[in-house]
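Participant: Pasting protein.txt below, which is compact mmCIF, C-alpha atoms and all ligand atoms.
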```txt
# COMPACT_ATOMS: atom_id res chain seq x y z
CA MET H 8 92.11 114.12 137.76
CA ARG H 9 94.24 115.40 140.52
CA PHE H 10 94.65 119.00 139.25
CA THR H 11 90.96 119.81 139.11
CA GLU H 12 89.47 121.26 142.28
CA PRO H 13 86.08 119.94 143.36
CA ALA H 14 83.47 122.11 141.61
CA GLY H 15 82.58 125.23 143.57
CA TRP H 16 84.90 124.56 146.48
CA VAL H 17 87.38 127.38 146.02
CA GLU H 18 84.92 130.10 145.22
CA VAL H 19 82.54 129.37 148.11
CA THR H 20 85.46 129.76 150.52
CA ALA H 21 86.53 133.16 149.22
CA LEU H 22 82.91 134.35 149.05
CA ASN H 23 82.43 133.40 152.70
CA ASP H 24 85.73 135.06 153.63
CA ALA H 25 84.59 138.34 152.07
CA GLU H 26 81.27 138.23 153.93
CA ALA H 27 82.95 137.30 157.23
CA LEU H 28 85.49 140.11 156.89
CA PHE H 29 82.71 142.58 156.16
CA THR H 30 80.84 141.52 159.29
CA SER H 31 83.91 141.59 161.51
CA LEU H 32 84.70 145.13 160.35
CA THR H 33 81.22 146.62 160.44
CA GLY H 34 79.25 144.49 162.89
CA ARG H 35 76.51 143.99 160.29
CA GLY H 36 75.84 141.81 157.25
CA ALA H 37 76.82 142.90 153.74
CA GLU H 38 74.08 144.18 151.43
CA GLY H 39 75.49 142.05 148.66
CA VAL H 40 78.52 140.24 147.28
CA TRP H 41 79.86 140.79 143.77
CA SER H 42 82.71 138.97 142.06
CA SER H 43 84.86 139.07 138.98
CA ALA H 44 87.29 136.56 137.51
CA GLY H 45 91.03 136.25 137.09
CA ARG H 46 92.15 135.72 133.53
CA ALA H 47 94.62 133.80 131.43
CA ASN H 48 95.46 134.90 127.93
CA LEU H 49 95.23 132.28 125.21
CA ILE H 50 97.13 134.46 122.73
CA GLY H 51 97.78 138.14 121.95
CA GLU H 52 100.38 139.55 124.32
CA HIS H 53 101.23 143.27 124.66
CA THR H 54 99.00 143.90 121.66
CA ASP H 55 96.28 145.60 123.71
CA TYR H 56 98.06 148.94 124.27
CA ASN H 57 99.04 148.84 120.57
CA GLU H 58 95.34 148.88 119.64
CA GLY H 59 95.61 145.32 118.37
CA PHE H 60 93.86 142.00 119.03
CA VAL H 61 93.73 139.73 122.09
CA LEU H 62 92.05 136.44 122.96
CA PRO H 63 91.98 136.00 126.75
CA PHE H 64 89.57 133.99 128.90
CA ALA H 65 88.20 134.46 132.42
CA ILE H 66 89.23 131.66 134.80
CA GLN H 67 87.38 129.98 137.64
CA HIS H 68 89.42 131.79 140.31
CA ARG H 69 87.58 134.89 141.45
CA THR H 70 87.74 137.96 143.66
CA TYR H 71 84.74 138.79 145.85
CA ALA H 72 83.67 142.19 147.16
CA ALA H 73 81.17 142.12 150.05
CA ALA H 74 79.76 145.62 150.33
CA GLY H 75 77.20 147.78 152.06
CA MET H 76 76.33 151.46 152.38
CA HIS H 77 76.53 153.63 155.50
CA ALA H 78 75.78 157.18 156.56
CA ASP H 79 79.37 158.51 156.77
CA LEU H 80 80.60 160.20 153.61
CA ALA H 81 83.60 157.89 153.34
CA ILE H 82 84.71 154.76 151.57
CA ARG H 83 86.36 152.02 153.64
CA VAL H 84 88.16 149.11 152.01
CA ALA H 85 89.75 146.06 153.61
CA SER H 86 90.91 142.72 152.30
CA THR H 87 91.76 139.39 153.81
CA PHE H 88 95.43 139.94 152.95
CA SER H 89 95.42 143.45 154.52
CA PRO H 90 92.55 143.45 157.03
CA ASP H 91 93.16 146.91 158.57
CA PRO H 92 90.64 149.08 156.73
CA VAL H 93 91.82 152.02 154.64
CA GLU H 94 89.37 154.91 154.86
CA VAL H 95 89.09 157.91 152.56
CA ALA H 96 86.45 160.66 152.57
CA LEU H 97 84.49 160.46 149.32
CA ALA H 98 85.21 164.12 148.70
CA GLU H 99 88.96 163.37 148.90
CA LEU H 100 89.03 160.79 146.08
CA GLU H 101 89.45 163.40 143.37
CA THR H 102 92.38 165.11 145.10
CA LEU H 103 93.96 161.75 145.81
CA PHE H 104 94.01 160.42 142.26
CA ALA H 105 93.74 163.34 139.84
CA GLY H 106 97.48 164.11 140.01
CA ALA H 107 100.37 162.33 138.33
CA PRO H 108 99.75 158.60 137.69
CA GLY H 109 100.43 156.57 140.82
CA ALA H 110 101.44 159.63 142.89
CA ALA H 111 99.31 158.75 145.93
CA VAL H 112 100.91 155.30 146.02
CA ALA H 113 104.44 156.59 145.41
CA ASP H 114 104.24 159.13 148.25
CA GLY H 115 102.73 156.60 150.65
CA THR H 116 99.32 158.29 151.04
CA VAL H 117 97.55 155.10 149.90
CA PRO H 118 98.85 151.52 150.21
CA GLU H 119 99.28 150.07 146.74
CA TRP H 120 96.63 147.36 147.14
CA ALA H 121 94.04 149.94 148.28
CA ALA H 122 94.64 152.11 145.20
CA TYR H 123 92.84 149.43 143.15
CA PRO H 124 89.43 149.59 144.92
CA LEU H 125 89.69 153.28 145.79
CA GLY H 126 90.81 154.09 142.24
CA VAL H 127 87.80 152.19 140.93
CA ALA H 128 85.49 154.27 143.16
CA TRP H 129 87.08 157.45 141.84
CA ALA H 130 86.97 156.38 138.19
CA ALA H 131 83.44 154.94 138.47
CA LEU H 132 82.07 158.23 139.78
CA ALA H 133 83.80 160.10 136.96
CA ALA H 134 82.54 157.66 134.30
CA SER H 135 78.95 157.98 135.51
CA GLY H 136 79.04 161.75 135.74
CA ARG H 137 78.15 161.61 139.44
CA SER H 138 79.99 163.56 142.10
CA ALA H 139 81.11 162.33 145.51
CA ALA H 140 78.34 164.44 147.07
CA ASP H 141 75.69 162.40 145.20
CA VAL H 142 76.46 159.00 146.73
CA PRO H 143 76.42 157.46 150.24
CA GLY H 144 79.45 156.09 152.05
CA VAL H 145 80.32 152.47 151.51
CA ASP H 146 82.28 149.63 153.16
CA ILE H 147 83.93 147.01 150.95
CA ALA H 148 85.58 143.77 152.15
CA ILE H 149 87.59 141.85 149.57
CA ALA H 150 88.64 138.19 149.44
CA SER H 151 90.13 136.34 146.51
CA ASP H 152 91.30 132.96 145.35
CA VAL H 153 93.09 134.36 142.29
CA PRO H 154 96.76 133.54 142.81
CA VAL H 155 98.64 136.84 143.38
CA GLY H 156 101.77 137.48 141.29
CA ALA H 157 101.02 134.51 139.03
CA GLY H 158 100.21 136.64 135.99
CA LEU H 159 96.52 135.71 136.22
CA SER H 160 95.31 139.24 136.81
CA SER H 161 94.31 139.33 140.42
CA SER H 162 94.23 143.11 139.97
CA ALA H 163 91.59 143.13 137.21
CA ALA H 164 89.51 140.76 139.32
CA ILE H 165 89.53 143.25 142.23
CA GLU H 166 88.65 146.08 139.87
CA GLY H 167 85.76 144.17 138.29
CA ALA H 168 84.28 143.06 141.61
CA VAL H 169 84.48 146.53 143.16
CA ALA H 170 83.16 148.24 140.02
CA ALA H 171 80.16 145.89 139.98
CA ALA H 172 79.47 146.46 143.69
CA LEU H 173 79.58 150.24 143.36
CA ASN H 174 77.64 150.20 140.10
CA ASP H 175 74.74 148.48 141.88
CA LEU H 176 74.93 150.19 145.28
CA TRP H 177 75.44 153.68 143.85
CA GLN H 178 73.15 152.99 140.85
CA LEU H 179 75.73 154.34 138.41
CA GLY H 180 74.26 152.72 135.29
CA LEU H 181 77.63 151.58 133.93
CA SER H 182 77.73 148.90 131.23
CA PRO H 183 80.18 145.96 131.49
CA LEU H 184 82.50 147.70 129.02
CA ASP H 185 82.24 150.94 131.03
CA MET H 186 83.30 148.97 134.11
CA ALA H 187 86.28 147.57 132.24
CA LYS H 188 87.33 151.11 131.28
CA VAL H 189 86.91 152.18 134.91
CA GLY H 190 89.20 149.32 135.99
CA ARG H 191 91.85 150.26 133.45
CA ARG H 192 91.70 153.91 134.49
CA ALA H 193 92.13 152.95 138.15
CA GLU H 194 95.12 150.81 137.24
CA ASN H 195 96.73 153.41 134.95
CA GLU H 196 96.09 156.55 136.97
CA ALA H 197 95.50 155.56 140.60
CA VAL H 198 97.97 152.67 140.78
CA GLY H 199 100.29 153.99 138.08
CA ALA H 200 100.68 150.80 136.01
CA PRO H 201 100.66 151.63 132.26
CA THR H 202 98.63 148.58 131.23
CA GLY H 203 96.11 148.10 128.43
CA ILE H 204 92.47 147.04 128.76
CA MET H 205 92.70 143.30 128.04
CA ASP H 206 92.60 142.07 131.62
CA GLN H 207 89.58 144.10 132.69
CA VAL H 208 87.57 143.14 129.60
CA SER H 209 88.41 139.49 130.08
CA SER H 210 87.68 139.52 133.82
CA ILE H 211 84.31 141.18 133.35
CA LEU H 212 83.00 139.87 130.02
CA GLY H 213 84.21 136.25 130.20
CA ARG H 214 81.90 133.33 129.29
CA ALA H 215 82.07 129.63 130.20
CA ASP H 216 84.08 127.50 127.74
CA ALA H 217 84.84 130.55 125.62
CA ALA H 218 87.57 133.12 125.12
CA THR H 219 86.87 136.81 124.56
CA PHE H 220 88.12 138.19 121.27
CA LEU H 221 88.73 141.91 121.72
CA ASP H 222 89.65 144.48 119.12
CA CYS H 223 91.49 146.94 121.35
CA ARG H 224 90.98 149.82 118.91
CA THR H 225 87.22 149.64 118.52
CA LEU H 226 86.66 147.80 121.84
CA GLU H 227 84.32 145.40 120.05
CA THR H 228 84.19 142.01 121.72
CA ARG H 229 83.06 138.57 120.62
CA SER H 230 82.86 135.31 122.56
CA VAL H 231 84.85 132.63 120.78
CA ASP H 232 83.86 129.04 121.53
CA LEU H 233 86.85 127.00 122.70
CA GLY H 234 85.16 123.59 122.71
CA LEU H 235 87.61 122.24 125.28
CA GLU H 236 85.14 120.05 127.12
CA ARG H 237 83.69 118.65 123.90
CA GLU H 238 87.18 117.81 122.64
CA GLY H 239 88.46 116.37 125.93
CA LEU H 240 91.12 119.06 126.34
CA ILE H 241 92.37 120.96 129.37
CA LEU H 242 94.20 124.24 129.76
CA LEU H 243 96.87 123.83 132.40
CA ALA H 244 98.43 126.87 134.08
CA ILE H 245 102.01 126.38 135.25
CA ASP H 246 102.81 129.10 137.77
CA THR H 247 106.58 129.54 137.79
CA LYS H 248 106.43 131.33 141.16
CA VAL H 249 108.61 134.06 139.67
CA GLU H 250 106.69 137.19 140.68
CA HIS H 251 106.13 139.96 138.18
CA ALA H 252 104.92 143.60 138.42
CA HIS H 253 103.64 145.94 135.73
CA ALA H 254 103.98 149.36 137.33
CA SER H 255 107.67 149.59 136.48
CA GLY H 256 110.60 148.05 134.66
CA GLY H 257 110.27 145.80 131.68
CA TYR H 258 106.57 146.29 130.97
CA ARG H 259 106.98 150.06 130.79
CA ASP H 260 110.09 149.72 128.61
CA ARG H 261 108.29 147.48 126.13
CA ARG H 262 105.43 149.90 125.88
CA ALA H 263 107.86 152.77 125.24
CA ALA H 264 109.64 150.75 122.52
CA CYS H 265 106.32 150.13 120.76
CA GLU H 266 105.46 153.82 120.86
CA ARG H 267 108.94 154.68 119.56
CA GLY H 268 108.56 152.18 116.71
CA ALA H 269 105.14 153.48 115.72
CA ALA H 270 106.39 157.08 115.72
CA ALA H 271 109.45 156.23 113.61
CA LEU H 272 107.27 154.39 111.11
CA GLY H 273 104.73 157.20 110.97
CA VAL H 274 101.68 155.26 112.15
CA PRO H 275 99.30 156.09 115.04
CA SER H 276 99.89 152.66 116.55
CA LEU H 277 101.51 149.34 115.64
CA ARG H 278 98.03 148.04 114.85
CA ASP H 279 98.35 149.93 111.59
CA LEU H 280 101.21 147.72 110.34
CA THR H 281 101.07 144.31 108.69
CA GLU H 282 103.78 141.76 107.97
CA ALA H 283 104.26 143.45 104.58
CA ASP H 284 105.64 146.50 106.43
CA LEU H 285 108.36 144.60 108.25
CA ASP H 286 111.08 144.99 105.57
CA ARG H 287 110.70 148.76 105.73
CA ALA H 288 110.67 148.60 109.53
CA ARG H 289 113.94 146.63 109.51
CA ASP H 290 115.57 149.34 107.36
CA ILE H 291 114.44 152.23 109.56
CA LEU H 292 114.61 150.89 113.12
CA ASP H 293 117.46 149.77 115.36
CA ASP H 294 117.53 146.02 115.92
CA VAL H 295 115.87 146.00 119.34
CA THR H 296 113.01 148.30 118.34
CA PHE H 297 112.54 146.31 115.14
CA ARG H 298 112.15 143.06 117.07
CA ARG H 299 109.66 144.66 119.47
CA VAL H 300 107.64 145.86 116.47
CA ARG H 301 107.88 142.46 114.75
CA HIS H 302 106.45 140.75 117.83
CA ILE H 303 103.41 143.01 117.87
CA VAL H 304 102.77 142.76 114.13
CA THR H 305 103.12 138.97 114.01
CA GLU H 306 101.23 138.48 117.28
CA ASN H 307 98.24 140.43 115.97
CA GLN H 308 98.17 138.11 112.96
CA ARG H 309 98.48 135.05 115.21
CA VAL H 310 95.42 136.15 117.20
CA LEU H 311 93.37 136.43 114.01
CA ASP H 312 94.73 133.09 112.80
CA THR H 313 93.86 131.47 116.14
CA VAL H 314 90.26 132.67 115.91
CA ASP H 315 90.05 131.25 112.35
CA ALA H 316 91.72 127.97 113.34
CA LEU H 317 89.33 127.48 116.27
CA ALA H 318 86.37 127.96 113.94
CA SER H 319 87.64 125.72 111.17
CA GLY H 320 89.65 123.06 113.00
CA GLY H 321 88.77 123.30 116.71
CA PRO H 322 91.21 123.70 119.61
CA ARG H 323 93.65 121.01 118.42
CA ALA H 324 94.42 123.25 115.43
CA ILE H 325 95.94 126.11 117.46
CA GLY H 326 99.01 124.40 118.96
CA ASP H 327 101.56 125.77 116.47
CA LEU H 328 100.24 129.30 116.90
CA LEU H 329 100.68 129.10 120.69
CA VAL H 330 104.23 127.81 120.25
CA ALA H 331 105.11 130.53 117.71
CA SER H 332 103.69 133.15 120.08
CA HIS H 333 105.94 131.98 122.87
CA ALA H 334 109.01 132.02 120.60
CA SER H 335 108.19 135.58 119.57
CA MET H 336 107.87 136.70 123.20
CA ARG H 337 111.10 134.92 124.11
CA ASP H 338 113.23 136.06 121.17
CA ASP H 339 111.73 139.31 119.82
CA PHE H 340 109.87 140.92 122.72
CA GLU H 341 112.22 139.40 125.32
CA ILE H 342 109.66 139.18 128.12
CA SER H 343 110.10 135.52 129.00
CA VAL H 344 112.34 134.21 131.79
CA PRO H 345 114.19 130.87 131.94
CA GLU H 346 111.51 129.40 134.21
CA LEU H 347 108.75 130.21 131.69
CA ASP H 348 110.80 128.75 128.83
CA THR H 349 111.43 125.64 130.92
CA ALA H 350 107.70 125.24 131.65
CA VAL H 351 106.80 125.62 127.98
CA ASP H 352 109.55 123.28 126.72
CA ALA H 353 108.74 120.63 129.34
CA ALA H 354 105.02 120.80 128.56
CA LEU H 355 105.63 120.39 124.82
CA ALA H 356 108.11 117.56 125.35
CA ALA H 357 105.50 115.77 127.48
CA GLY H 358 102.93 115.98 124.69
CA ALA H 359 101.12 119.30 125.14
CA ILE H 360 99.36 120.43 121.94
CA GLY H 361 100.67 123.94 122.49
CA ALA H 362 102.10 126.08 125.28
CA ARG H 363 103.13 129.66 125.85
CA MET H 364 103.77 132.14 128.62
CA THR H 365 100.68 134.20 129.44
CA GLY H 366 100.27 137.80 130.58
CA GLY H 367 102.77 140.62 130.82
CA GLY H 368 105.86 138.44 131.26
CA PHE H 369 109.01 138.62 133.40
CA GLY H 370 107.51 135.86 135.55
CA GLY H 371 104.03 134.56 136.22
CA SER H 372 102.51 131.58 134.45
CA ALA H 373 102.62 129.57 131.27
CA VAL H 374 99.50 127.93 129.84
CA ALA H 375 99.56 124.57 128.11
CA LEU H 376 96.79 123.03 126.02
CA VAL H 377 96.75 119.33 126.80
CA GLU H 378 94.71 116.19 126.29
CA ALA H 379 92.75 115.56 129.51
CA ASP H 380 94.55 112.26 130.08
CA ALA H 381 97.98 113.92 129.71
CA VAL H 382 97.51 116.55 132.42
CA ASP H 383 99.40 114.66 135.11
CA ALA H 384 102.25 113.80 132.73
CA VAL H 385 102.66 117.44 131.66
CA ALA H 386 102.53 118.75 135.23
CA ASP H 387 105.03 116.12 136.37
CA ALA H 388 107.35 116.94 133.46
CA ALA H 389 107.34 120.63 134.41
CA ALA H 390 108.04 119.77 138.07
CA ARG H 391 110.95 117.50 137.08
CA ALA H 392 112.43 120.07 134.69
CA PHE H 393 112.28 122.77 137.39
CA ALA H 394 113.90 120.48 139.96
CA ALA H 395 116.67 119.55 137.51
CA ARG H 396 117.54 123.24 137.08
CA GLY H 397 117.32 124.04 140.77
CA TYR H 398 114.23 126.27 140.40
CA ALA H 399 111.58 126.44 143.14
CA ALA H 400 108.76 123.98 142.44
CA PRO H 401 106.11 125.31 140.01
CA HIS H 402 102.39 125.06 140.75
CA ALA H 403 100.32 123.45 138.00
CA PHE H 404 96.53 123.68 138.01
CA THR H 405 93.75 123.60 135.45
CA VAL H 406 92.26 126.89 134.34
CA VAL H 407 88.65 126.59 133.27
CA PRO H 408 87.24 129.26 130.92
CA SER H 409 84.51 130.74 133.10
CA GLU H 410 81.98 133.53 133.40
CA GLY H 411 83.05 137.08 134.18
CA VAL H 412 81.47 139.55 136.55
CA ARG H 413 78.36 138.61 138.55
CA ARG H 414 76.41 139.28 141.69
CA ASP H 415 76.72 136.31 144.04
CA ALA H 416 74.55 137.31 147.00
C1 LIG V 501 99.33 142.79 131.54
C2 LIG V 501 98.53 144.04 131.23
F1 LIG V 501 97.77 144.39 132.31
C3 LIG V 501 97.65 143.86 130.01
O1 LIG V 501 97.03 145.08 129.69
C4 LIG V 501 98.44 143.33 128.82
O2 LIG V 501 99.23 144.35 128.25
C5 LIG V 501 99.29 142.13 129.24
O3 LIG V 501 100.08 142.40 130.39
C6 LIG V 501 100.21 141.68 128.15
O4 LIG V 501 99.50 141.18 127.07
O5 LIG V 501 98.50 141.74 131.95
```
Is it possible to express this structure as structure tokens?
Ligand code: GAF
Facilitator:
Amino acid sequence: MRFTEPAGWVEVTALNDAEALFTSLTGRGAEGVWSSAGRANLIGEHTDYNEGFVLPFAIQHRTYAAAGMHADLAIRVASTFSPDPVEVALAELETLFAGAPGAAVADGTVPEWAAYPLGVAWAALAASGRSAADVPGVDIAIASDVPVGAGLSSSAAIEGAVAAALNDLWQLGLSPLDMAKVGRRAENEAVGAPTGIMDQVSSILGRADAATFLDCRTLETRSVDLGLEREGLILLAIDTKVEHAHASGGYRDRRAACERGAAALGVPSLRDLTEADLDRARDILDDVTFRRVRHIVTENQRVLDTVDALASGGPRAIGDLLVASHASMRDDFEISVPELDTAVDAALAAGAIGARMTGGGFGGSAVALVEADAVDAVADAAARAFAARGYAAPHAFTVVPSEGVRRDA
């Protein structure tokens, strides 16, 4: 099948790249290499910061952190896409990130990419109750094969890999869920992107051939068997090549609309509403806020229905839920773009069981659930539909539900 990479090929390359970068920067070998996964979301979009339900899965594309300790009281981070190291004294981390969210990035003190690993170091120390004076300096070299800007959470993969490296090297004693919280805090406060916790949980806690059901209020998780291999099905990502960002713009607006809706309806969060509340919501809210609320309320129900359908009918039973989720994001939450709609429509017309955009929206990727022998037809249909509309060619590739964080070397 031409869209499946040879097993292990991609990840070994990025792992080696991280080790080689570490050695070229420090002149010594890394003490270890840790990695965490990118993610795609099967269903449950923008529900995480509304304390609702999500069902994402870790993918085979990973980010690697090669790391080692040293005697200087500083943290140095470098990555293959920005090889000049960024160095910060450990004692400075608190001053750097304890101010307004994203301030150190906004004023140019820290390059945006470096705020992810440095923010993780800051948040990990805080979560473990350790101070900068308690830990040795550390060098971290990062390499990744998670496509950047494709909506597959390259950022959570960096956070997970760096959190795991520091957790071991600094002996912080953080649990996987603690590390996910550390990643979210780095993203919210150091980077300044007002995201929820779905991506970090998925990146870190993922399991092979399973999705991670997460209740974003209680933070309880459960692995949900997808049975794709058994059923001869493939999840195909179609990267539209329209780049998205979550620190500003539409993502922030949608979050604000949800908070406005919850306040007007007198509930702590939209999680507290069901479809029975929607008539009242329509009476009280303006049309736009009502549609934002309706997306969250119906999407939460679709996540629960998807979990039930997987258990009772297997993966072929979830197609309609994926399609309804996309329609809700397109029409009510208004986070799709024409390229994502084109990818979804083309995939369905070519026989996909279900398809929807995945992630925060405004670009990035769609995912399609397809019979293994229809993968080429679906990918070709998307390519033809893009060409017919004059869009840049999309990139279609299989995404394999995979394990989350691990130590590789
Ligand atoms: C982005 C965010 F990072 C997640 O927290 C989540 O809100 C998602 O968009 C939308 O479901 O990936």
Participant: For each of H:Asp315, H:Asp387, H:Asp152, H:Asp286, take the minimum atom-to-atom distance to Ile66 in chain H, counting all atoms listed in the file, then give the residue where this is smallest.
Facilitator: H:Asp152
Participant: Within 9 Å of ligand LIG 501 (chain V), counting all atoms listed in the file, which protein or nucleic acid residues do you find, written as a PyMOL selection string?
Facilitator: chain H and resi 46-48+50-57+61+158-160+162-163+191+194+200-207+252-253+258+262+365-368
Participant: Between H:Leu226, H:Leu242, H:Val40, H:Ala130, which one has atoms that come closest to Pro408 in chain H, using only C-alpha atoms?
Facilitator: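 Among H:Leu226, H:Leu242, H:Val40, H:Ala130, it is H:Leu242 that comes nearest to Pro408 in chain H.
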Participant: Taking all atoms listed in the file into account, name the residue in H:Asp279, H:Glu266, H:Glu196, H:Asp380 that is nearest to Pro108 in chain H.
Facilitator: H:Glu196
Participant: Range 133-148 of chain H: which residues within 8 Å, counting all atoms listed in the file, same-chain residues fewer than 6 positions away excluded, as a ChimeraX atom specification?
Facilitator: /H:25-26,28-29,33,72-87,97-98,169,177,179-181,185,189
Participant: One decimal, Å: what's the distance from CA of Cys223 in chain H over to CA of Arg267 in chain H, could you say?
Facilitator: 19.2 Å
Participant: Using all atoms listed in the file, which residue out of H:His402, H:Arg301, H:Arg309, H:Arg323 lies closest to Arg237 in chain H?
Facilitator: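 Residue with the minimum atom-to-atom distance to Arg237 in chain H: H:Arg323.
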Participant: Point out the residue among H:Ala271, H:Gln67, H:Val295, H:Ile245 with the least atom-to-atom distance to Asp352 in chain H, counting all atoms listed in the file.
Facilitator: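 Among the listed residues, H:Ile245 lies closest to Asp352 in chain H.
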Participant: Please provide as a JSON list (two decimals) with C-alpha atoms, in the coordinates of the input all residues within 7 Å of Thr296 in chain H, with the sequence filter that same-chain residues fewer than 3 positions apart are discarded (counting only C-alpha atoms).
Facilitator:
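Ended up saving to around37.json:
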```json
[["chain", "number", "residue", "atom", "x", "y", "z"],
["H", 264, "ALA", "CA", 109.64, 150.75, 122.52],
["H", 268, "GLY", "CA", 108.56, 152.18, 116.71],
["H", 292, "LEU", "CA", 114.61, 150.89, 113.12],
["H", 293, "ASP", "CA", 117.46, 149.77, 115.36],
["H", 299, "ARG", "CA", 109.66, 144.66, 119.47],
["H", 300, "VAL", "CA", 107.64, 145.86, 116.47]]
```
Participant: Can you tell me which residues surround Ser372 in chain H at a distance of at most 12 Å, considering all atoms listed in the file, apart from same-chain residues fewer than 6 positions away, and format the answer as a PyMOL selection string?
Facilitator: chain H and resi 46-49+154-160+243-251+343-351+362-366+389+401-406
Participant: Hey, can you check how far CA of Asp175 in chain H sits from CA of Arg414 in chain H?
Facilitator: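 These atoms are spaced 9.4 Å apart.
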Participant: Check the smallest atom-to-atom distance from each of H:Ile303, H:Ala283, H:Ala390, H:Ala354 to Ala269 in chain H using all atoms listed in the file, then report the winner.
Facilitator: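 Closest candidate: H:Ile303.
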Participant: What's the 9 Å shell around range 317-320 of chain H, counting all atoms listed in the file, without same-chain residues fewer than 3 positions away, as a VMD selection string?
Facilitator: chain H and resid 231 to 234 312 to 314 323 to 325
Participant: I need the chosen residues saved as a compact mmCIF listing (two decimals), in the frame of the given file, with C-alpha atoms.
Facilitator:
```txt
# COMPACT_ATOMS: atom_id res chain seq x y z
CA VAL H 231 84.85 132.63 120.78
CA ASP H 232 83.86 129.04 121.53
CA LEU H 233 86.85 127.00 122.70
CA GLY H 234 85.16 123.59 122.71
CA ASP H 312 94.73 133.09 112.80
CA THR H 313 93.86 131.47 116.14
CA VAL H 314 90.26 132.67 115.91
CA ARG H 323 93.65 121.01 118.42
CA ALA H 324 94.42 123.25 115.43
CA ILE H 325 95.94 126.11 117.46
```
Participant: May I have the protein, DNA and RNA residues with any atom at most 12 Å from the point (99.0, 157.0, 152.8), counting only C-alpha atoms, written as a VMD selection string?
Facilitator: chain H and resid 93 to 95 103 110 to 122
Participant: Those selected residues, please, written with C-alpha atoms and delivered as a short mmCIF file (atom, residue, chain, number, x, y, z; two decimals), in the frame of the given file.
Facilitator:
```cif
data_model
loop_
_atom_site.label_atom_id
_atom_site.label_comp_id
_atom_site.auth_asym_id
_atom_site.auth_seq_id
_atom_site.Cartn_x
_atom_site.Cartn_y
_atom_site.Cartn_z
CA VAL H 93 91.82 152.02 154.64
CA GLU H 94 89.37 154.91 154.86
CA VAL H 95 89.09 157.91 152.56
CA LEU H 103 93.96 161.75 145.81
CA ALA H 110 101.44 159.63 142.89
CA ALA H 111 99.31 158.75 145.93
CA VAL H 112 100.91 155.30 146.02
CA ALA H 113 104.44 156.59 145.41
CA ASP H 114 104.24 159.13 148.25
CA GLY H 115 102.73 156.60 150.65
CA THR H 116 99.32 158.29 151.04
CA VAL H 117 97.55 155.10 149.90
CA PRO H 118 98.85 151.52 150.21
CA GLU H 119 99.28 150.07 146.74
CA TRP H 120 96.63 147.36 147.14
CA ALA H 121 94.04 149.94 148.28
CA ALA H 122 94.64 152.11 145.20
#
```
